[in-house]
Protein chains: 4
Amino acid sequence: MSGSSFGKIFRITTWGESHGAAIGVVIDGCPAGLSISTEDIQAFLNRRKPGQSKYATKRQESDQVEILSGIFEGKTTGTPISLLVRNQDQRSKDYGNIASVYRPGHADYTYDAKYGFRDYRGGGRSSGRETIGRTAAGAIAAQFLKELGITLTTFAKSIGPISVDENEYCFDDITGNSLYMPNNARAKEASEYLDNMMQNLDSAGGVIECIVSGMPAGIGEPVFDKLDAALSQAVVSLGAVKAIEFGAGTKAAAFNGSNNNDDFYSEHGKIQKTTNNAGGILGGISDGSDIIFRTYIKPTPSIAQSQKTVTVDGENTEITIRGRHDPIIVPRAIVVVESMTAITLVDLLLQNMSSRFDSILNFYRP
Amino acid sequence: MSGSSFGKIFRITTWGESHGAAIGVVIDGCPAGLSISTEDIQAFLNRRKPGQSKYATKRQESDQVEILSGIFEGKTTGTPISLLVRNQDQRSKDYGNIASVYRPGHADYTYDAKYGFRDYRGGGRSSGRETIGRTAAGAIAAQFLKELGITLTTFAKSIGPISVDENEYCFDDITGNSLYMPNNARAKEASEYLDNMMQNLDSAGGVIECIVSGMPAGIGEPVFDKLDAALSQAVVSLGAVKAIEFGAGTKAAAFNGSNNNDDFYSEHGKIQKTTNNAGGILGGISDGSDIIFRTYIKPTPSIAQSQKTVTVDGENTEITIRGRHDPIIVPRAIVVVESMTAITLVDLLLQNMSSRFDSILNFYRP
Amino acid sequence: MSGSSFGKIFRITTWGESHGAAIGVVIDGCPAGLSISTEDIQAFLNRRKPGQSKYATKRQESDQVEILSGIFEGKTTGTPISLLVRNQDQRSKDYGNIASVYRPGHADYTYDAKYGFRDYRGGGRSSGRETIGRTAAGAIAAQFLKELGITLTTFAKSIGPISVDENEYCFDDITGNSLYMPNNARAKEASEYLDNMMQNLDSAGGVIECIVSGMPAGIGEPVFDKLDAALSQAVVSLGAVKAIEFGAGTKAAAFNGSNNNDDFYSEHGKIQKTTNNAGGILGGISDGSDIIFRTYIKPTPSIAQSQKTVTVDGENTEITIRGRHDPIIVPRAIVVVESMTAITLVDLLLQNMSSRFDSILNFYRP
Amino acid sequence: MSGSSFGKIFRITTWGESHGAAIGVVIDGCPAGLSISTEDIQAFLNRRKPGQSKYATKRQESDQVEILSGIFEGKTTGTPISLLVRNQDQRSKDYGNIASVYRPGHADYTYDAKYGFRDYRGGGRSSGRETIGRTAAGAIAAQFLKELGITLTTFAKSIGPISVDENEYCFDDITGNSLYMPNNARAKEASEYLDNMMQNLDSAGGVIECIVSGMPAGIGEPVFDKLDAALSQAVVSLGAVKAIEFGAGTKAAAFNGSNNNDDFYSEHGKIQKTTNNAGGILGGISDGSDIIFRTYIKPTPSIAQSQKTVTVDGENTEITIRGRHDPIIVPRAIVVVESMTAITLVDLLLQNMSSRFDSILNFYRP
């Protein structure tokens with residue numbers, strides 16, 4: 001089945017394996033006339049590129065993007081945009097033993113169960129390198145949002161057990177530490193925690209938060225394509241995500257209606273809310289306040305400790321994973337979460353354009 | 001945009017407003033030859049029907065389903081199945097004031113922001129009655145799964161702050177209390193909590209857990225239609241859901257790789273796992289163990305306390321919601337979560353049938 | 001698979017069998033604020049209703065439509081519009097023998113080949129009554145187009161071998177004869193031809209032409225959703241259609257480039273063409289001139305003559321079809337072709353709204 | 001909007017402009033385990049490659065395909081297959097004047113009307129080079145069909161006014177002449193006709209016929225995704241197609257029911273038909289006999305004669321098109337029609353796999 005596409009109007013199709021020739025994406029349905037450069041896209045890819053800090057894989061990939069179609073003289077033409085990144089440092093020999101043994105926490109077994117065999121060089125299609133296509137497309141979506149005055153702030157709220165409380169948020173700090181936490185002091189603690197993990201040949205997870213500002217009210221399509229439902233599919237489709245929550249999230253389940261409801265009030269002719277437990281979404285439609293959600297990322301499953309597992313022939317065995325793996329993927333996943341968010345928002349903004357007949361009349365008979 | 005449909009092969013389209021003539025669903029893509037009766041569908045609808053306990057709205061609706069097409073002599077024909085439930089007890093006058101005032105926690109404001117106006121009788125399309133269509137379709141999907149030996153166990157893990165620990169689970173208790181908790185003692189505590197809420201003119205939320213047993217390995221479509229991504233869209237598309245988590249869920253973010261990874265082992269020729277932090281899904285594909293996820297439901301937003309809000313003209317005001325509202329929707333939402341899960345699983349089981357060319361050869365040239 | 005839906009933004013889903021309880025359609029994605037009444041929809045249905053002339057089946061069906069959702073106080077609300085028509089005169093006993101014998105020219109055999117069995121009362125889902133849903137939806141699409149100043153003129157160009165040449169067209173005549181031909185004299189000839197066919201227990205086919213005026217340039221989506229490609233799917237999906245052609249159509253294949261190309265010229269600031277061999281479409285996109293296409297309809301397959309065929313058990317036999325069948329379906333099919341055209345045009349008009357980024361900027365940041 | 005994709009399960013997305021860096025396609029939903037080589041794909045591309053005869057453009061393109069993903073050790077893996085062809089001989093200077101002038105019969109004007117501007121080097125996205133992606137994907141679909149015993153015979157039935165009657169068909173001749181006509185004598189006449197056209201700086205059209213043998217009965221999805229409806233969208237989406245007909249096609253409209261209906265008979269336990277006016281499709285579903293359809297191709301719009309037209313600023317002018325253009329595109333379009341047919345058939349074969357519940361039970365619980 002065709003699961004490699006996402007979006008209805010602004011629609012991306014990603015392709016490529018970890019150790020194949022290249023990775024890429026086709027973006028169909030991007031409107032004509034949006035200014036975009038190779039540099040804009042490269043800037044996004046650089047945020048997820050390996051080798052940026054000691055907490056990332058040592059695999060050497062420049063991840064240079066090539067624009068193959070859909071952009072002419074610096075502007076989108078309305079036709080599909082094809083973006084390509086060549087794989088370079090495919091040391092497949094590191095992966096020799098995973099051809100015959102299933103790595104715990106990975107998709108080796110489930111791909112075999114589904115397809116009968118798999119591209120066993122690295123994770124194949126289930127590798128984190130698949131997110132290159134999402135990120136390249138995300139750069140274009142982010143540019144689209146920027147021109148509409150919509151901004152995304154995405155950061156590591158937690159690394160392992162080290163978490164930044166909302167009242168400690170300092171957004172200027174996000175780019176001031178290699179973990180992209182909104183508090184440099186907490187980032188230092190988290191670094192120490194990670195150093196310890198690495199010494200133990202272990203890995204860590206964390207929480208990514210995304211805040212969308214400037215979103216107009218009215219975005220999101222009832223019933224199944226609600227804004228939160230679409231974001232959930234978008235974000236949970238990332239391999240390591242184990243949970244997503246909006247606004248008060250899991251805590252809302254223990255609240256009462258009287259303290260969970262956000263009161264409305266009107267000021268300067270604008271309808272606003274006193275609180276934002278809803279996370280900016282009511283009935284699946286944006287309410288004009290900040291959209292806030294958190295994504296829970298599991299620890300990297302590739303660890304250098306010995307683990308019990310089975311071979312492809314069903315023999316019990318042990319595996320010690322070599323190769324070049326991130327002890328934590330949260331810092332590199334931030335731009336990927338931001339990309340999926342941007343893609344989802346652009347798609348829903350475009351879908352919303354046909355919601356009122358008077359707009360359509362105005363469009364065709366101004 | 002067309003957001004009222006869900007699924008790719010087994011595809012449902014719901015329609016209908018809270019206070020319109022009727023509510024319904026069209027299921028397209030259900031294979032021919034599945035036995036299904038009006039009673040099978042009615043049994044599911046009765047699980048969400050109002051008036052079953054003191055914790056549910058007093059609105060009187062028999063919610064009798066009528067099969068209009070797609071079933072002939074007790075079997076599906078492969079053509080679209082149209083199911084209809086007439087609305088009966090539409091006391092729209094209860095809703096008089098919500099025509100001009102936005103209810104906190106509801107979608108009144110966002111529908112107006114999107115469409116310019118709305119059907120202000122009850123919640124219109126954003127009402128919980130919209131889930132009748134999902135539930136009727138879910139009954140058919142559940143029947144499909146049952147014939148394949150796949151069973152769903154869905155229950156209230158928490159009501160407000162009262163939660164049942166995993167080691168207290170007693171699945172026989174689920175139908176032994178009106179809250180569908182897997183522990184009658186905890187259910188009694190929860191009832192007392194709810195009684196107190198009702199006295200305070202307040203409402204409560206809770207957590208619904210769903211466990212899927214008997215699922216074959218290999219189900220779920222990379223990359224964007226992963227099993228967990230599809231379930232997330234399906235379940236978060238329910239109005240009151242604020243979070244979803246799979247397996248260890250939010251806790252996985254603070255785990256280490258060494259204790260989060262589930263080791264594989266082989267026994268009696270079957271590949272199994274020592275633990276199930278993954279919740280039965282690896283790389284977005286089922287691994288043959290139980291699929292486990294939890295859904296966090298916010299407290300009912302309709303409460304009889306006075307709340308601050310604004311009018312449709314942007315004037316600050318207060319609102320006291322009358323009408324017949326559930327103090328908690330968790331018990332009635334259980335069958336809806338189960339329905340959305342069943343629909344998602346059937347769709348992905350059908351999608352998986354074209355994953356291997358040898359199966360296709362075998363199908364067409366046996 | 002889910003083949004009962006058509007359209008991407010303005011999306012219809014039809015359901016119902018010839019001799020089931022009812023026939024209907026759900027229209028999802030219709031913008032909010034379009035004025036529409038039961039009478040508007042009924043007027044379209046009356047154009048295809050049986051029993052309007054001696055050339056139509058004697059089956060008595062009032063085909064009264066009921067609006068179940070999506071329209072409130074005379075306007076669409078943006079939510080799905082559910083429309084229902086009850087079947088009344090289901091004289092299934094007329095169809096007794098077709099349960100066990102395959103009718104030539106019908107889909108009895110192919111449905112059995114696909115699904116293993118079928119609803120053998122009438123044609124089930126392959127009956128012409130399925131088009132009731134399309135026509136009800138077409139009424140809404142036509143209303144949408146009318147408000148944009150786009151008009152459709154649809155008529156019988158040919159009945160059997162009797163054809164109206166383009167230079168004989170008199171559009172005022174279309175409603176002046178029961179065959180909807182644009183020339184009353186030719187219609188009289190055609191009536192005599194049909195009377196003869198009926199005496200011979202035989203049936204006839206014909207050609208339906210549709211002319212769309214007032215269509216703006218720029219509508220149609222490259223590459224696979226070209227305007228002509230979308231119309232082809234829409235119209236060929238009608239059971240009896242055997243061919244479709246645009247503009248010069250089949251004749252263009254024998255033309256030369258120099259006489260097939262339509263020269264452009266500019267007059268009063270508007271770009272126009274000297275001829276219209278293209279049928280108003282260039283590269284799959286409307287060019288602002290009239291869109292013209294013709295649909296070739298086969299003769300009604302149900303004839304009262306004895307025909308050779310086989311039983312469901314593969315025995316050679318003969319069949320004489322009783323029941324109440326149209327000797328020609330062209331007159332009743334005209335409004336159905338017009339409906340499918342209107343639905344396709346509305347969908348592509350909506351799709352086009354996101355083609356330019358400057359329009360989007362203007363929409364969200366006016 | 002996202003019009004660059006076709007198919008539901010076997011889904012292709014094409015991208016690339018005539019004079020951009022490259023042209024390509026992503027095929028998502030191809031089952032795992034199908035043997036395919038670069039040579040298989042190249043063989044298809046070579047059939048449409050320019051420069052094969054004097055009737056084709058002199059543009060020099062080797063059209064070498066590169067497989068970037070989805071194929072591992074000679075077999076499809078079930079993941080998206082990305083195929084790339086670099087453009088080489090982009091003599092854009094030939095196209096200098098078309099930046100400012102609209103070519104008659106081309107999509108220059110309509111692209112400008114839609115998007116506000118266009119990639120004016122060659123036809124951009126509307127160029128025939130876009131069909132490279134379709135053809136590369138078609139090679140894989142054809143391989144799929146071949147393994148199922150389904151064969152496609154595609155040829156030029158007519159070139160301009162020179163047509164081969166059905167009783168003159170000699171399928172061995174098809175590869176014996178550079179026009180791919182099923183009769184060498186007629187091909188010689190057609191060559192003389194084309195030589196004459198070229199001398200007159202003019203161009204010609206023609207008719208392509210496709211015959212599918214070995215198709216099982218039961219393929220095609222009611223109601224909107226009927227086999228003929230899907231083929232119509234697929235084929236009419238090719239730029240130069242002006243009509244499509246199935247079986248008796250346009251002629252059926254003048255037939256009577258008694259001579260248009262194909263009688264069934266049973267022989268050796270197989271249900272067959274005495275004639276095939278239906279073209280192998282009843283009610284939109286294959287009936288097990290040959291599927292036959294014809295596609296009418298307009299003459300190449302690029303001719304070296306002077307033509308009247310307008311500038312992008314709306315000034316009346318004349319244009320003489322230089323560059324390297326085919327005097328007829330029919331011979332090169334044959335493999336493209338065959339490709340679109342193969343893609344459509346594969347998609348519908350896969351869709352059909354979920355039509356019966358007993359097959360599903362057998363698949364999951366053998």
# chains A, B, ... in the order shown; residues from 1 in each chain; ligands from 1
>>> residues_around(residues="Leu152 of chain C", least_positions_apart="6", cutoff="10 Å", atoms="only C-alpha atoms", output="ChimeraX atom specification")
/C:142,145-146,210-215,290-292,338-339,341-342
>>> closest_atom_pairs(of="chain A", to="chain D", cutoff="9 Å", atoms="only C-alpha atoms", output="Markdown table")
| residue | atom | partner | partner_atom | distance |
| --- | --- | --- | --- | --- |
| A:Met1 | CA | D:Gly29 | CA | 4.3 |
| A:Ser2 | CA | D:Gly29 | CA | 4.4 |
| A:Gly3 | CA | D:Gly29 | CA | 7.4 |
| A:Ser4 | CA | D:Asp28 | CA | 6.7 |
| A:Ser5 | CA | D:Asp28 | CA | 8.5 |
| A:Lys8 | CA | D:Ser2 | CA | 7.2 |
| A:Ile9 | CA | D:Met1 | CA | 4.8 |
| A:Phe10 | CA | D:Ser2 | CA | 6.8 |
| A:Arg11 | CA | D:Ser2 | CA | 6.4 |
| A:Thr13 | CA | D:Val26 | CA | 8.0 |
| A:Thr14 | CA | D:Pro80 | CA | 7.9 |
| A:Trp15 | CA | D:Pro80 | CA | 5.5 |
| A:Gly16 | CA | D:Ser69 | CA | 5.0 |
| A:Glu17 | CA | D:Ser69 | CA | 6.4 |
| A:Gly20 | CA | D:Ser69 | CA | 6.1 |
| A:Ala21 | CA | D:Leu68 | CA | 5.3 |
| A:Ala22 | CA | D:Leu68 | CA | 5.9 |
| A:Ile23 | CA | D:Ser69 | CA | 7.8 |
| A:Gly24 | CA | D:Ser82 | CA | 8.6 |
| A:Val26 | CA | D:Trp15 | CA | 7.5 |
| A:Ile27 | CA | D:Ser2 | CA | 8.6 |
| A:Asp28 | CA | D:Ser2 | CA | 5.1 |
| A:Gly29 | CA | D:Met1 | CA | 4.3 |
| A:Cys30 | CA | D:Met1 | CA | 7.4 |
| A:Pro31 | CA | D:Met1 | CA | 7.9 |
| A:Ala32 | CA | D:Tyr115 | CA | 5.8 |
| A:Gly33 | CA | D:Tyr115 | CA | 7.9 |
| A:Ile67 | CA | D:Ala21 | CA | 8.2 |
| A:Leu68 | CA | D:Ala21 | CA | 5.3 |
| A:Ser69 | CA | D:Gly16 | CA | 5.0 |
| A:Gly70 | CA | D:Gly16 | CA | 7.0 |
| A:Ile71 | CA | D:Asp119 | CA | 8.6 |
| A:Phe72 | CA | D:Asp119 | CA | 6.3 |
| A:Glu73 | CA | D:Asp119 | CA | 8.7 |
| A:Thr77 | CA | D:Arg118 | CA | 6.3 |
| A:Gly78 | CA | D:Tyr115 | CA | 6.7 |
| A:Thr79 | CA | D:Arg125 | CA | 7.0 |
| A:Pro80 | CA | D:Trp15 | CA | 5.5 |
| A:Ile81 | CA | D:Trp15 | CA | 7.1 |
| A:Ser82 | CA | D:Trp15 | CA | 6.7 |
| A:Tyr115 | CA | D:Ala32 | CA | 5.8 |
| A:Gly116 | CA | D:Ala32 | CA | 7.8 |
| A:Phe117 | CA | D:Thr77 | CA | 7.5 |
| A:Arg118 | CA | D:Thr77 | CA | 6.3 |
| A:Asp119 | CA | D:Phe72 | CA | 6.3 |
| A:Arg125 | CA | D:Thr79 | CA | 7.0 |
>>> write_last_selection(atoms="C-alpha atoms", output="PDB file, in the first residue's frame")
ATOM      1  CA  MET A   1       0.000   0.000   0.000  1.00  0.00           C
ATOM      2  CA  SER A   2       1.058   3.547  -0.551  1.00  0.00           C
ATOM      3  CA  GLY A   3       2.094   4.772   2.885  1.00  0.00           C
ATOM      4  CA  SER A   4       4.964   7.019   1.822  1.00  0.00           C
ATOM      5  CA  SER A   5       2.824  10.086   1.184  1.00  0.00           C
ATOM      6  CA  LYS A   8      -3.940  16.176   0.899  1.00  0.00           C
ATOM      7  CA  ILE A   9      -3.176  19.402  -0.957  1.00  0.00           C
ATOM      8  CA  PHE A  10       0.419  20.077   0.084  1.00  0.00           C
ATOM      9  CA  ARG A  11       1.445  16.461  -0.290  1.00  0.00           C
ATOM     10  CA  THR A  13       6.159  11.571  -0.843  1.00  0.00           C
ATOM     11  CA  THR A  14       9.432  10.426   0.688  1.00  0.00           C
ATOM     12  CA  TRP A  15      11.657   7.648  -0.624  1.00  0.00           C
ATOM     13  CA  GLY A  16      15.061   6.138   0.034  1.00  0.00           C
ATOM     14  CA  GLU A  17      16.882   3.730   2.300  1.00  0.00           C
ATOM     15  CA  GLY A  20      20.814   2.973  -0.794  1.00  0.00           C
ATOM     16  CA  ALA A  21      22.040   5.426  -3.415  1.00  0.00           C
ATOM     17  CA  ALA A  22      20.094   8.412  -2.174  1.00  0.00           C
ATOM     18  CA  ILE A  23      17.225   9.758  -0.089  1.00  0.00           C
ATOM     19  CA  GLY A  24      14.622  12.191  -1.338  1.00  0.00           C
ATOM     20  CA  VAL A  26       8.670  14.941  -3.917  1.00  0.00           C
ATOM     21  CA  ILE A  27       6.426  17.797  -2.792  1.00  0.00           C
ATOM     22  CA  ASP A  28       3.309  18.072  -4.902  1.00  0.00           C
ATOM     23  CA  GLY A  29       0.744  20.802  -4.447  1.00  0.00           C
ATOM     24  CA  CYS A  30       3.033  23.606  -3.343  1.00  0.00           C
ATOM     25  CA  PRO A  31       1.515  26.826  -4.702  1.00  0.00           C
ATOM     26  CA  ALA A  32       3.351  28.774  -7.391  1.00  0.00           C
ATOM     27  CA  GLY A  33       5.327  31.867  -6.545  1.00  0.00           C
ATOM     28  CA  ILE A  67      16.727  20.673  -6.361  1.00  0.00           C
ATOM     29  CA  LEU A  68      15.686  18.660  -9.423  1.00  0.00           C
ATOM     30  CA  SER A  69      12.376  20.249 -10.388  1.00  0.00           C
ATOM     31  CA  GLY A  70       9.560  22.604  -9.472  1.00  0.00           C
ATOM     32  CA  ILE A  71      11.629  25.706  -8.711  1.00  0.00           C
ATOM     33  CA  PHE A  72      12.490  28.155 -11.492  1.00  0.00           C
ATOM     34  CA  GLU A  73      14.371  31.390 -11.065  1.00  0.00           C
ATOM     35  CA  THR A  77       6.242  26.978 -10.186  1.00  0.00           C
ATOM     36  CA  GLY A  78       3.277  25.022  -8.815  1.00  0.00           C
ATOM     37  CA  THR A  79       4.663  21.771 -10.238  1.00  0.00           C
ATOM     38  CA  PRO A  80       6.161  18.984  -8.093  1.00  0.00           C
ATOM     39  CA  ILE A  81       9.383  19.845  -6.299  1.00  0.00           C
ATOM     40  CA  SER A  82      11.854  16.969  -6.334  1.00  0.00           C
ATOM     41  CA  TYR A 115       7.633  -8.278   3.339  1.00  0.00           C
ATOM     42  CA  GLY A 116       9.357 -11.665   3.673  1.00  0.00           C
ATOM     43  CA  PHE A 117      12.791 -10.049   3.450  1.00  0.00           C
ATOM     44  CA  ARG A 118      14.376  -6.638   3.874  1.00  0.00           C
ATOM     45  CA  ASP A 119      17.220  -4.381   2.830  1.00  0.00           C
ATOM     46  CA  ARG A 125      13.530   2.320   5.045  1.00  0.00           C
TER      47      ARG A 125
END
>>> residues_around(residues="segment 322-334 of chain C", least_positions_apart="6", cutoff="8 Å", atoms="only C-alpha atoms", output="ChimeraX atom specification")
/C:47-50,55-59,94-95,154-156,159,178-180,194,197-198,202-208,297,299-300,302-304
>>> select_by_dssp(residues="segment 44-243 of chain A", states="strand (DSSP E)", output="NGL selection string")
:A and (65-69 or 71-72 or 75-76 or 81-86 or 151-159 or 162-163 or 206-213 or 241-243)
>>> write_last_selection(atoms="C-alpha atoms", output="PDB file, in the first residue's frame")
ATOM      1  CA  VAL A  65      20.424  18.788  -1.191  1.00  0.00           C
ATOM      2  CA  GLU A  66      19.885  19.058  -4.952  1.00  0.00           C
ATOM      3  CA  ILE A  67      16.727  20.673  -6.361  1.00  0.00           C
ATOM      4  CA  LEU A  68      15.686  18.660  -9.423  1.00  0.00           C
ATOM      5  CA  SER A  69      12.376  20.249 -10.388  1.00  0.00           C
ATOM      6  CA  ILE A  71      11.629  25.706  -8.711  1.00  0.00           C
ATOM      7  CA  PHE A  72      12.490  28.155 -11.492  1.00  0.00           C
ATOM      8  CA  LYS A  75      10.369  30.580  -7.081  1.00  0.00           C
ATOM      9  CA  THR A  76       8.125  27.548  -6.920  1.00  0.00           C
ATOM     10  CA  ILE A  81       9.383  19.845  -6.299  1.00  0.00           C
ATOM     11  CA  SER A  82      11.854  16.969  -6.334  1.00  0.00           C
ATOM     12  CA  LEU A  83      14.686  17.095  -3.790  1.00  0.00           C
ATOM     13  CA  LEU A  84      17.603  14.657  -3.618  1.00  0.00           C
ATOM     14  CA  VAL A  85      20.337  13.907  -1.079  1.00  0.00           C
ATOM     15  CA  ARG A  86      22.993  11.348  -1.971  1.00  0.00           C
ATOM     16  CA  THR A 151       6.319  30.878  13.693  1.00  0.00           C
ATOM     17  CA  LEU A 152       7.322  27.556  15.242  1.00  0.00           C
ATOM     18  CA  THR A 153       9.408  27.223  18.398  1.00  0.00           C
ATOM     19  CA  THR A 154      10.567  23.654  18.933  1.00  0.00           C
ATOM     20  CA  PHE A 155      12.916  22.456  21.650  1.00  0.00           C
ATOM     21  CA  ALA A 156      13.893  19.644  24.001  1.00  0.00           C
ATOM     22  CA  LYS A 157      11.711  19.961  27.081  1.00  0.00           C
ATOM     23  CA  SER A 158      13.295  16.870  28.645  1.00  0.00           C
ATOM     24  CA  ILE A 159      16.386  14.729  28.160  1.00  0.00           C
ATOM     25  CA  ILE A 162      16.031  16.068  33.249  1.00  0.00           C
ATOM     26  CA  SER A 163      13.116  18.336  32.426  1.00  0.00           C
ATOM     27  CA  GLY A 206      13.320  12.793  25.959  1.00  0.00           C
ATOM     28  CA  VAL A 207      10.442  15.128  25.229  1.00  0.00           C
ATOM     29  CA  ILE A 208      10.145  17.618  22.379  1.00  0.00           C
ATOM     30  CA  GLU A 209       7.739  20.529  22.699  1.00  0.00           C
ATOM     31  CA  CYS A 210       6.476  22.611  19.805  1.00  0.00           C
ATOM     32  CA  ILE A 211       4.740  25.976  20.125  1.00  0.00           C
ATOM     33  CA  VAL A 212       3.056  27.517  17.086  1.00  0.00           C
ATOM     34  CA  SER A 213       2.381  31.242  17.248  1.00  0.00           C
ATOM     35  CA  VAL A 241       7.674   8.628  19.118  1.00  0.00           C
ATOM     36  CA  LYS A 242       5.691   6.826  21.843  1.00  0.00           C
ATOM     37  CA  ALA A 243       3.178   9.516  22.849  1.00  0.00           C
TER      38      ALA A 243
END
>>> atom_distance(atom1="atom CA of Pro222 of chain C", atom2="atom CA of Gly284 of chain C")
6.7 Å
>>> atom_distance(atom1="atom CA of Phe246 of chain C", atom2="atom CA of Ala229 of chain D")
15.6 Å
>>> select_by_dssp(residues="segment 155-234 of chain A", states="alpha helix (DSSP H)", output="ChimeraX atom specification")
/A:184-199,227-234
>>> closest_residue(among="D:Ile140, D:Leu282, D:Leu34, D:Ala217", to="Ile360 of chain B", atoms="only C-alpha atoms")
D:Leu34
>>> residues_around(residues="Ala141 of chain A", least_positions_apart="2", cutoff="8 Å", atoms="only C-alpha atoms", output="VMD selection string")
chain A and resid 137 to 139 143 to 145 339 342 to 343 346
>>> write_last_selection(atoms="N, CA, C and O atoms", output="compact mmCIF listing (two decimals), in the first residue's frame")
# COMPACT_ATOMS: atom_id res chain seq x y z
N ALA A 137 11.35 18.84 2.90
CA ALA A 137 10.00 19.36 2.62
C ALA A 137 9.57 20.34 3.70
O ALA A 137 8.90 21.34 3.42
N GLY A 138 9.97 20.05 4.93
CA GLY A 138 9.62 20.92 6.04
C GLY A 138 10.20 22.32 5.88
O GLY A 138 9.57 23.30 6.29
N ALA A 139 11.37 22.41 5.29
CA ALA A 139 11.99 23.72 5.06
C ALA A 139 11.10 24.59 4.18
O ALA A 139 10.95 25.80 4.42
N GLN A 143 8.99 27.96 5.30
CA GLN A 143 9.11 29.22 4.56
C GLN A 143 7.72 29.79 4.24
O GLN A 143 7.47 30.99 4.35
N PHE A 144 6.83 28.91 3.87
CA PHE A 144 5.43 29.25 3.58
C PHE A 144 4.81 29.88 4.83
O PHE A 144 4.20 30.97 4.77
N LEU A 145 4.97 29.24 5.97
CA LEU A 145 4.37 29.74 7.21
C LEU A 145 4.97 31.08 7.60
O LEU A 145 4.25 31.99 8.06
N SER A 339 9.40 20.07 11.20
CA SER A 339 9.08 19.90 9.78
C SER A 339 7.72 19.26 9.58
O SER A 339 6.90 19.72 8.77
N ALA A 342 5.10 21.79 10.37
CA ALA A 342 4.95 22.81 9.33
C ALA A 342 4.19 22.25 8.13
O ALA A 342 3.29 22.90 7.57
N ILE A 343 4.52 21.04 7.74
CA ILE A 343 3.85 20.41 6.60
C ILE A 343 2.36 20.25 6.88
O ILE A 343 1.51 20.54 6.03
N VAL A 346 0.60 23.75 6.84
CA VAL A 346 0.43 24.28 5.48
C VAL A 346 -0.71 23.55 4.78
O VAL A 346 -1.57 24.17 4.15
>>> atom_distance(atom1="atom CA of Asp228 of chain B", atom2="atom CA of Gln233 of chain A")
8.1 Å
